[in-house]
file upload14.txt (compact mmCIF, C-alpha atoms)
# COMPACT_ATOMS: atom_id res chain seq x y z
CA MET A 5 0.00 0.00 0.00
CA SER A 6 1.28 3.47 -0.84
CA GLY A 7 2.03 5.90 1.95
CA LYS A 8 -0.74 8.22 0.78
CA GLY A 9 -3.29 5.41 0.59
CA ARG A 10 -2.32 4.18 4.04
CA GLY A 11 -2.66 7.69 5.48
CA LEU A 12 -6.11 8.14 3.94
CA GLY A 13 -7.19 4.76 5.31
CA ILE A 14 -6.07 5.62 8.82
CA ALA A 15 -7.79 9.02 8.58
CA ALA A 16 -11.01 7.32 7.45
CA VAL A 17 -11.00 5.03 10.49
CA VAL A 18 -10.21 7.82 12.97
CA VAL A 19 -12.76 10.26 11.53
CA GLY A 20 -15.40 7.51 11.27
CA LEU A 21 -14.97 6.48 14.90
CA ALA A 22 -15.11 10.11 16.03
CA GLY A 23 -18.31 10.60 14.03
CA LEU A 24 -19.94 7.50 15.49
CA LEU A 25 -19.01 8.48 19.04
CA LEU A 26 -20.26 12.04 18.56
CA GLY A 27 -23.47 11.11 16.77
CA LEU A 28 -24.46 8.13 18.90
CA GLY A 29 -23.41 9.91 22.09
CA GLY A 30 -25.55 12.93 21.24
CA LEU A 31 -28.51 10.73 20.28
CA GLY A 32 -28.20 8.61 23.41
CA TRP A 33 -27.99 11.59 25.74
CA ALA A 34 -30.89 13.36 24.01
CA ARG A 35 -33.13 10.29 24.36
CA HIS A 36 -32.08 9.85 27.98
CA ALA A 37 -32.44 13.46 29.13
CA PHE A 38 -35.18 15.03 26.97
CA GLY A 39 -38.53 14.31 25.36
CA GLY A 40 -41.08 16.05 23.21
CA SER A 41 -44.86 16.23 23.16
CA VAL A 42 -47.69 17.99 21.32
CA VAL A 43 -50.33 19.89 23.31
CA SER A 44 -53.82 18.56 22.61
CA SER A 45 -56.10 20.69 24.80
CA GLN A 46 -56.88 24.26 25.85
CA SER A 47 -56.19 23.66 29.54
CA MET A 48 -52.79 25.41 29.48
CA SER A 49 -53.68 28.30 27.18
CA PRO A 50 -52.61 31.00 26.65
CA THR A 51 -49.18 29.64 27.64
CA TYR A 52 -49.51 26.55 25.45
CA GLY A 53 -52.33 25.88 23.01
CA PRO A 54 -53.46 22.88 20.95
CA GLY A 55 -50.85 21.89 18.39
CA ASP A 56 -47.95 23.54 20.24
CA ARG A 57 -44.86 21.39 20.57
CA VAL A 58 -43.14 21.35 23.94
CA VAL A 59 -39.73 20.03 24.90
CA TYR A 60 -39.30 18.66 28.39
CA GLU A 61 -36.38 17.51 30.46
CA LYS A 62 -36.83 14.18 32.16
CA VAL A 63 -36.57 14.92 35.87
CA ASP A 64 -37.47 13.22 39.08
CA GLY A 65 -40.68 14.58 40.57
CA SER A 66 -38.83 15.70 43.68
CA GLU A 67 -36.90 18.19 41.53
CA VAL A 68 -39.89 20.24 40.37
CA ARG A 69 -40.68 23.56 41.96
CA ARG A 70 -43.72 25.77 42.34
CA GLY A 71 -44.48 27.45 39.01
CA ASP A 72 -42.95 24.70 36.86
CA VAL A 73 -44.99 23.37 33.94
CA VAL A 74 -44.82 19.59 34.03
CA LEU A 75 -46.00 16.53 32.15
CA PHE A 76 -47.35 13.64 34.17
CA SER A 77 -49.25 10.41 33.76
CA ALA A 78 -52.25 9.62 35.98
CA PRO A 79 -54.41 6.98 34.23
CA ASP A 80 -56.46 6.40 37.38
CA ARG A 81 -57.78 9.96 37.04
CA TYR A 82 -57.77 10.58 33.31
CA GLY A 83 -58.66 7.13 32.02
CA ALA A 84 -55.64 6.65 29.77
CA ASP A 85 -51.87 6.54 30.07
CA TRP A 86 -51.32 9.79 28.18
CA LEU A 87 -49.22 12.73 29.30
CA VAL A 88 -51.09 15.60 30.96
CA LEU A 89 -49.70 19.15 30.94
CA GLU A 90 -50.29 21.31 34.04
CA ARG A 91 -48.55 23.81 36.29
CA VAL A 92 -47.27 23.12 39.79
CA VAL A 93 -49.04 25.46 42.21
CA GLY A 94 -48.25 23.72 45.48
CA VAL A 95 -45.45 21.40 46.62
CA GLY A 96 -45.09 19.33 49.77
CA GLY A 97 -45.74 21.44 52.87
CA ASP A 98 -47.58 24.24 51.04
CA HIS A 99 -50.97 25.57 52.12
CA VAL A 100 -52.97 26.38 48.96
CA GLU A 101 -56.24 28.28 49.26
CA CYS A 102 -58.68 29.76 46.76
CA CYS A 103 -59.53 32.47 46.48
CA THR A 104 -59.21 36.02 47.73
CA GLY A 105 -61.01 38.60 45.59
CA GLU A 106 -63.30 37.98 42.63
CA GLY A 107 -63.05 37.84 38.83
CA THR A 108 -59.75 39.16 37.50
CA GLY A 109 -58.94 40.24 41.04
CA ALA A 110 -59.17 36.69 42.39
CA ARG A 111 -55.93 35.33 43.77
CA ILE A 112 -54.84 31.93 45.01
CA THR A 113 -52.88 32.16 48.23
CA VAL A 114 -49.94 29.91 48.99
CA ASN A 115 -48.82 29.87 52.61
CA GLY A 116 -50.96 32.93 53.23
CA LYS A 117 -49.48 35.04 50.42
CA PRO A 118 -51.37 35.92 47.21
CA LEU A 119 -49.81 34.07 44.29
CA ARG A 120 -48.87 36.26 41.33
CA GLU A 121 -49.95 34.41 38.19
CA PRO A 122 -49.47 36.51 35.03
CA TYR A 123 -49.85 33.36 32.92
CA VAL A 124 -53.51 32.56 33.72
CA LYS A 125 -56.01 33.17 30.95
CA ASP A 126 -57.77 36.53 31.21
CA GLY A 127 -56.08 37.06 34.58
CA ASP A 128 -58.78 34.94 36.24
CA ALA A 129 -57.16 32.65 38.81
CA HIS A 130 -60.52 31.18 39.87
CA GLY A 131 -61.99 30.57 36.42
CA GLY A 132 -65.56 30.52 37.69
CA TYR A 133 -64.95 27.19 39.40
CA PRO A 134 -67.94 26.43 41.65
CA LEU A 135 -65.90 25.28 44.65
CA SER A 136 -63.38 26.99 46.84
CA TYR A 137 -60.59 24.87 48.25
CA ASP A 138 -58.24 24.87 51.17
CA VAL A 139 -55.48 22.30 50.68
CA ARG A 140 -52.44 21.42 52.71
CA VAL A 141 -50.14 19.58 50.33
CA PRO A 142 -48.58 16.48 51.94
CA GLU A 143 -44.86 15.90 51.58
CA GLY A 144 -44.05 14.02 48.40
CA ARG A 145 -47.16 15.28 46.62
CA LEU A 146 -48.08 18.16 44.29
CA PHE A 147 -51.11 20.36 43.67
CA LEU A 148 -51.47 21.11 39.94
CA LEU A 149 -53.63 23.52 37.94
CA GLY A 150 -54.06 24.46 34.29
CA ASP A 151 -53.46 28.05 33.19
CA HIS A 152 -56.95 28.19 31.63
CA ARG A 153 -58.77 27.83 34.93
CA ALA A 154 -62.22 27.86 33.32
CA ASN A 155 -61.30 24.97 31.03
CA SER A 156 -59.00 22.65 32.96
CA ARG A 157 -59.70 19.35 34.67
CA ASP A 158 -56.94 19.60 37.23
CA SER A 159 -56.44 19.03 40.97
CA ARG A 160 -59.65 20.94 41.71
CA ALA A 161 -61.69 18.17 40.06
CA PHE A 162 -60.31 15.55 42.45
CA LEU A 163 -60.50 17.28 45.82
CA ASP A 164 -62.13 14.18 47.33
CA ASP A 165 -59.01 12.15 46.48
CA GLN A 166 -56.00 13.26 48.55
CA ASP A 167 -57.25 16.87 48.23
CA GLY A 168 -56.53 16.67 44.51
CA THR A 169 -52.80 16.22 45.03
CA LEU A 170 -50.68 13.73 43.10
CA PRO A 171 -47.51 11.90 44.14
CA VAL A 172 -44.26 13.26 42.71
CA SER A 173 -43.67 9.83 41.18
CA VAL A 174 -46.19 10.55 38.39
CA ILE A 175 -44.01 13.32 36.93
CA ARG A 176 -42.44 12.47 33.58
CA GLY A 177 -40.76 15.77 32.79
CA ARG A 178 -40.52 19.54 33.21
CA VAL A 179 -41.15 21.78 30.20
CA ILE A 180 -38.16 23.93 29.24
CA ASP A 181 -37.98 27.23 27.39
CA ASP A 182 -34.18 27.26 27.05
CA TYR A 183 -33.29 25.01 24.12
CA SER A 184 -29.52 25.54 24.27
CA VAL A 185 -28.69 22.04 25.54
CA PRO A 186 -31.06 20.18 23.17
CA THR A 187 -29.72 22.32 20.32
CA LEU A 188 -26.14 21.38 21.18
CA LEU A 189 -27.12 17.72 21.19
CA VAL A 190 -28.72 18.07 17.75
CA VAL A 191 -25.57 19.83 16.50
CA ALA A 192 -23.49 16.95 17.89
CA MET A 193 -25.65 14.39 16.08
CA VAL A 194 -25.47 16.31 12.78
CA ALA A 195 -21.70 16.73 13.18
CA GLY A 196 -21.41 13.00 13.82
CA VAL A 197 -23.29 12.21 10.59
CA VAL A 198 -21.08 14.65 8.65
CA LEU A 199 -17.91 13.05 10.05
CA VAL A 200 -19.14 9.58 9.12
CA LEU A 201 -19.80 10.77 5.56
CA VAL A 202 -16.33 12.34 5.45
CA ALA A 203 -14.89 9.02 6.66
CA VAL A 204 -16.69 7.20 3.86
CA GLY A 205 -15.22 9.68 1.38
CA LEU A 206 -11.73 9.18 2.80
CA GLY A 207 -12.17 5.42 2.62
CA ILE A 208 -13.16 5.62 -1.04
CA ALA A 209 -10.21 7.90 -1.75
CA ALA A 210 -7.84 5.46 -0.01
CA PHE A 211 -9.21 2.60 -2.11
CA VAL A 212 -8.78 4.56 -5.36
CA VAL A 213 -5.21 5.55 -4.45
CA ARG A 214 -4.31 1.93 -3.72
CA ARG A 215 -5.81 0.75 -7.00
CA ARG A 216 -3.90 3.39 -8.94
CA ALA A 217 -0.68 2.56 -7.12
CA ARG A 218 -1.02 -1.10 -8.07
CA ALA A 219 -1.80 -0.17 -11.68
CA LEU A 220 1.42 1.84 -11.90
CA VAL A 221 3.64 -1.05 -10.81
CA PRO A 222 5.66 -2.10 -13.95
CA PRO A 223 5.37 -5.72 -15.10
CA PRO A 224 8.33 -7.98 -14.31
CA PRO A 225 11.00 -8.28 -17.04
CA PRO A 226 10.76 -11.34 -19.30
CA TRP A 227 13.89 -12.87 -17.84
CA ALA A 228 12.25 -12.84 -14.40
CA VAL A 229 9.29 -14.90 -15.54
CA GLN A 230 9.55 -18.56 -14.65
CA VAL A 231 8.45 -21.00 -17.35
call {"tool": "encode", "arguments": {"input": "upload14.txt", "output": "structure tokens"}}
result
Amino acid sequence: MSGKGRGLGIAAVVVGLAGLLLGLGGLGWARHAFGGSVVSSQSMSPTYGPGDRVVYEKVDGSEVRRGDVVLFSAPDRYGADWLVLERVVGVGGDHVECCTGEGTGARITVNGKPLREPYVKDGDAHGGYPLSYDVRVPEGRLFLLGDHRANSRDSRAFLDDQDGTLPVSVIRGRVIDDYSVPTLLVVAMVAGVVLVLVAVGLGIAAFVVRRRARALVPPPPPWAVQV
């Protein structure tokens, strides 16, 4: 093998391995750490409406905080094992009460303090819900509401079951608005594919160089041929 062909072959192997590591590593981490879903209802509007795509990081339920938008699965309440999108209003130890004031002036209180909720539809924290509630969230559980309070079947609809709270174990992920990490993972996967393609090109070039090198080797002189 010519020196040039050997060098191209080695480069093809090195670049190919780097591409596979980068691409598969990015894909593996993305699948492990993140997920995506499409919103199917009005319960979280105006923040998220039907057809909106959301990206979520897969976190343990104990990591979520008040105000986080989360996806969870609760088939015993919703009749199917689909992901439900709601906002965390109360975490373990919180005292959640509704409501002080009326209409757009209505406010949920958490631990005695009015909760500022600029995300609720039409500024109505109560949403015309027929029942008031006074919930002390047990440790390890969450109280969740939709942003469209007049059109959300959330913790308020299940007050007779653990005061509407759900265990943190039902959480599947927390919606993110900063896509920098997922974007970097996508870039890594694309770069990995590009490197693999470059490696294929280098491998083809190495093969061509070797073929040409063999073609240029002069035939043996007649006297060297054994009869």
call {"tool": "atom_distance", "arguments": {"input": "upload14.txt", "atom1": "atom CA of A:Val88", "atom2": "atom CA of A:Tyr123"}}
result
17.9 Å
call {"tool": "residues_near_point", "arguments": {"input": "upload14.txt", "point": "(-46.2, 21.5, 42.1)", "cutoff": "6 Å", "atoms": "only C-alpha atoms", "output": "list in words"}}
result
Arg69, Arg70, Val92, Val93, Gly94, Val95, Leu146, Phe147 and Leu148 of chain A
call {"tool": "residues_around", "arguments": {"input": "upload14.txt", "residues": "A:Leu135", "least_positions_apart": "6", "cutoff": "12 Å", "atoms": "all atoms listed in the file", "output": "MDAnalysis selection string"}}
result
chainID A and resid 101:103 159:163
call {"tool": "atom_distance", "arguments": {"input": "upload14.txt", "atom1": "atom CA of A:Leu199", "atom2": "atom CA of A:Arg214"}}
result
22.3 Å
call {"tool": "closest_residue", "arguments": {"input": "upload14.txt", "among": "A:Val63, A:Arg216, A:Ile180, A:Val124", "to": "A:Ser156", "atoms": "all atoms listed in the file"}}
result
A:Val124
call {"tool": "closest_residue", "arguments": {"input": "upload14.txt", "among": "A:Gly207, A:Asp126, A:Val213, A:Val172", "to": "A:Gly13", "atoms": "all atoms listed in the file"}}
result
A:Gly207
call {"tool": "closest_residue", "arguments": {"input": "upload14.txt", "among": "A:Val212, A:Leu28, A:Val100, A:Ala195", "to": "A:Asp167", "atoms": "only C-alpha atoms"}}
result
A:Val100
call {"tool": "atom_distance", "arguments": {"input": "upload14.txt", "atom1": "atom CA of A:Leu75", "atom2": "atom CA of A:Phe38"}}
result
12.1 Å
call {"tool": "closest_residue", "arguments": {"input": "upload14.txt", "among": "A:Val59, A:Ala16, A:Asp151, A:Arg10", "to": "A:Ile208", "atoms": "all atoms listed in the file"}}
result
A:Ala16
call {"tool": "decode", "arguments": {"input": "upload14.txt", "residues": "stretch 174-208 of chain A", "atoms": "N, CA and C atoms", "output": "CSV table (one decimal), in the first residue's frame"}}
result
chain,number,residue,atom,x,y,z
A,174,VAL,N,-45.5,10.6,39.7
A,174,VAL,CA,-46.2,10.6,38.4
A,174,VAL,C,-45.5,11.5,37.4
A,175,ILE,N,-44.6,12.3,37.8
A,175,ILE,CA,-44.0,13.3,36.9
A,175,ILE,C,-43.1,12.6,35.9
A,176,ARG,N,-43.3,13.0,34.7
A,176,ARG,CA,-42.4,12.5,33.6
A,176,ARG,C,-41.4,13.5,33.1
A,177,GLY,N,-41.7,14.8,33.3
A,177,GLY,CA,-40.8,15.8,32.8
A,177,GLY,C,-41.2,17.2,33.1
A,178,ARG,N,-40.3,18.1,33.0
A,178,ARG,CA,-40.5,19.5,33.2
A,178,ARG,C,-40.3,20.3,31.9
A,179,VAL,N,-41.3,21.1,31.5
A,179,VAL,CA,-41.2,21.8,30.2
A,179,VAL,C,-40.1,22.8,30.3
A,180,ILE,N,-39.3,23.0,29.2
A,180,ILE,CA,-38.2,23.9,29.2
A,180,ILE,C,-38.4,25.0,28.1
A,181,ASP,N,-37.9,26.2,28.4
A,181,ASP,CA,-38.0,27.2,27.4
A,181,ASP,C,-36.6,27.5,26.8
A,182,ASP,N,-35.6,27.1,27.5
A,182,ASP,CA,-34.2,27.3,27.0
A,182,ASP,C,-33.8,26.0,26.3
A,183,TYR,N,-33.6,26.2,25.0
A,183,TYR,CA,-33.3,25.0,24.1
A,183,TYR,C,-31.8,24.9,23.8
A,184,SER,N,-31.0,25.5,24.6
A,184,SER,CA,-29.5,25.5,24.3
A,184,SER,C,-28.9,24.1,24.4
A,185,VAL,N,-29.3,23.4,25.4
A,185,VAL,CA,-28.7,22.0,25.5
A,185,VAL,C,-29.2,21.1,24.5
A,186,PRO,N,-30.6,21.0,24.3
A,186,PRO,CA,-31.1,20.2,23.2
A,186,PRO,C,-30.5,20.6,21.8
A,187,THR,N,-30.3,21.9,21.6
A,187,THR,CA,-29.7,22.3,20.3
A,187,THR,C,-28.3,21.8,20.2
A,188,LEU,N,-27.5,21.9,21.2
A,188,LEU,CA,-26.1,21.4,21.2
A,188,LEU,C,-26.1,19.9,20.9
A,189,LEU,N,-27.1,19.2,21.4
A,189,LEU,CA,-27.1,17.7,21.2
A,189,LEU,C,-27.5,17.4,19.7
A,190,VAL,N,-28.4,18.2,19.2
A,190,VAL,CA,-28.7,18.1,17.8
A,190,VAL,C,-27.5,18.4,16.9
A,191,VAL,N,-26.8,19.5,17.2
A,191,VAL,CA,-25.6,19.8,16.5
A,191,VAL,C,-24.6,18.7,16.6
A,192,ALA,N,-24.4,18.1,17.7
A,192,ALA,CA,-23.5,16.9,17.9
A,192,ALA,C,-23.9,15.8,17.0
A,193,MET,N,-25.2,15.5,16.9
A,193,MET,CA,-25.7,14.4,16.1
A,193,MET,C,-25.4,14.7,14.6
A,194,VAL,N,-25.7,15.9,14.2
A,194,VAL,CA,-25.5,16.3,12.8
A,194,VAL,C,-24.0,16.2,12.5
A,195,ALA,N,-23.2,16.8,13.4
A,195,ALA,CA,-21.7,16.7,13.2
A,195,ALA,C,-21.2,15.3,13.1
A,196,GLY,N,-21.8,14.4,13.9
A,196,GLY,CA,-21.4,13.0,13.8
A,196,GLY,C,-21.7,12.4,12.5
A,197,VAL,N,-22.9,12.7,11.9
A,197,VAL,CA,-23.3,12.2,10.6
A,197,VAL,C,-22.3,12.7,9.5
A,198,VAL,N,-22.0,14.0,9.6
A,198,VAL,CA,-21.1,14.6,8.7
A,198,VAL,C,-19.7,14.0,8.7
A,199,LEU,N,-19.2,13.7,9.9
A,199,LEU,CA,-17.9,13.0,10.1
A,199,LEU,C,-17.9,11.6,9.5
A,200,VAL,N,-19.0,10.9,9.7
A,200,VAL,CA,-19.1,9.6,9.1
A,200,VAL,C,-19.1,9.6,7.6
A,201,LEU,N,-19.8,10.6,7.0
A,201,LEU,CA,-19.8,10.8,5.6
A,201,LEU,C,-18.4,11.1,5.1
A,202,VAL,N,-17.7,12.0,5.8
A,202,VAL,CA,-16.3,12.3,5.4
A,202,VAL,C,-15.5,11.1,5.5
A,203,ALA,N,-15.7,10.3,6.5
A,203,ALA,CA,-14.9,9.0,6.7
A,203,ALA,C,-15.1,8.1,5.5
A,204,VAL,N,-16.4,8.0,5.0
A,204,VAL,CA,-16.7,7.2,3.9
A,204,VAL,C,-15.9,7.7,2.6
A,205,GLY,N,-16.0,9.1,2.5
A,205,GLY,CA,-15.2,9.7,1.4
A,205,GLY,C,-13.7,9.4,1.4
A,206,LEU,N,-13.2,9.5,2.6
A,206,LEU,CA,-11.7,9.2,2.8
A,206,LEU,C,-11.4,7.7,2.5
A,207,GLY,N,-12.4,6.8,2.9
A,207,GLY,CA,-12.2,5.4,2.6
A,207,GLY,C,-12.2,5.1,1.1
A,208,ILE,N,-13.1,5.8,0.4
A,208,ILE,CA,-13.2,5.6,-1.0
A,208,ILE,C,-11.9,6.1,-1.7
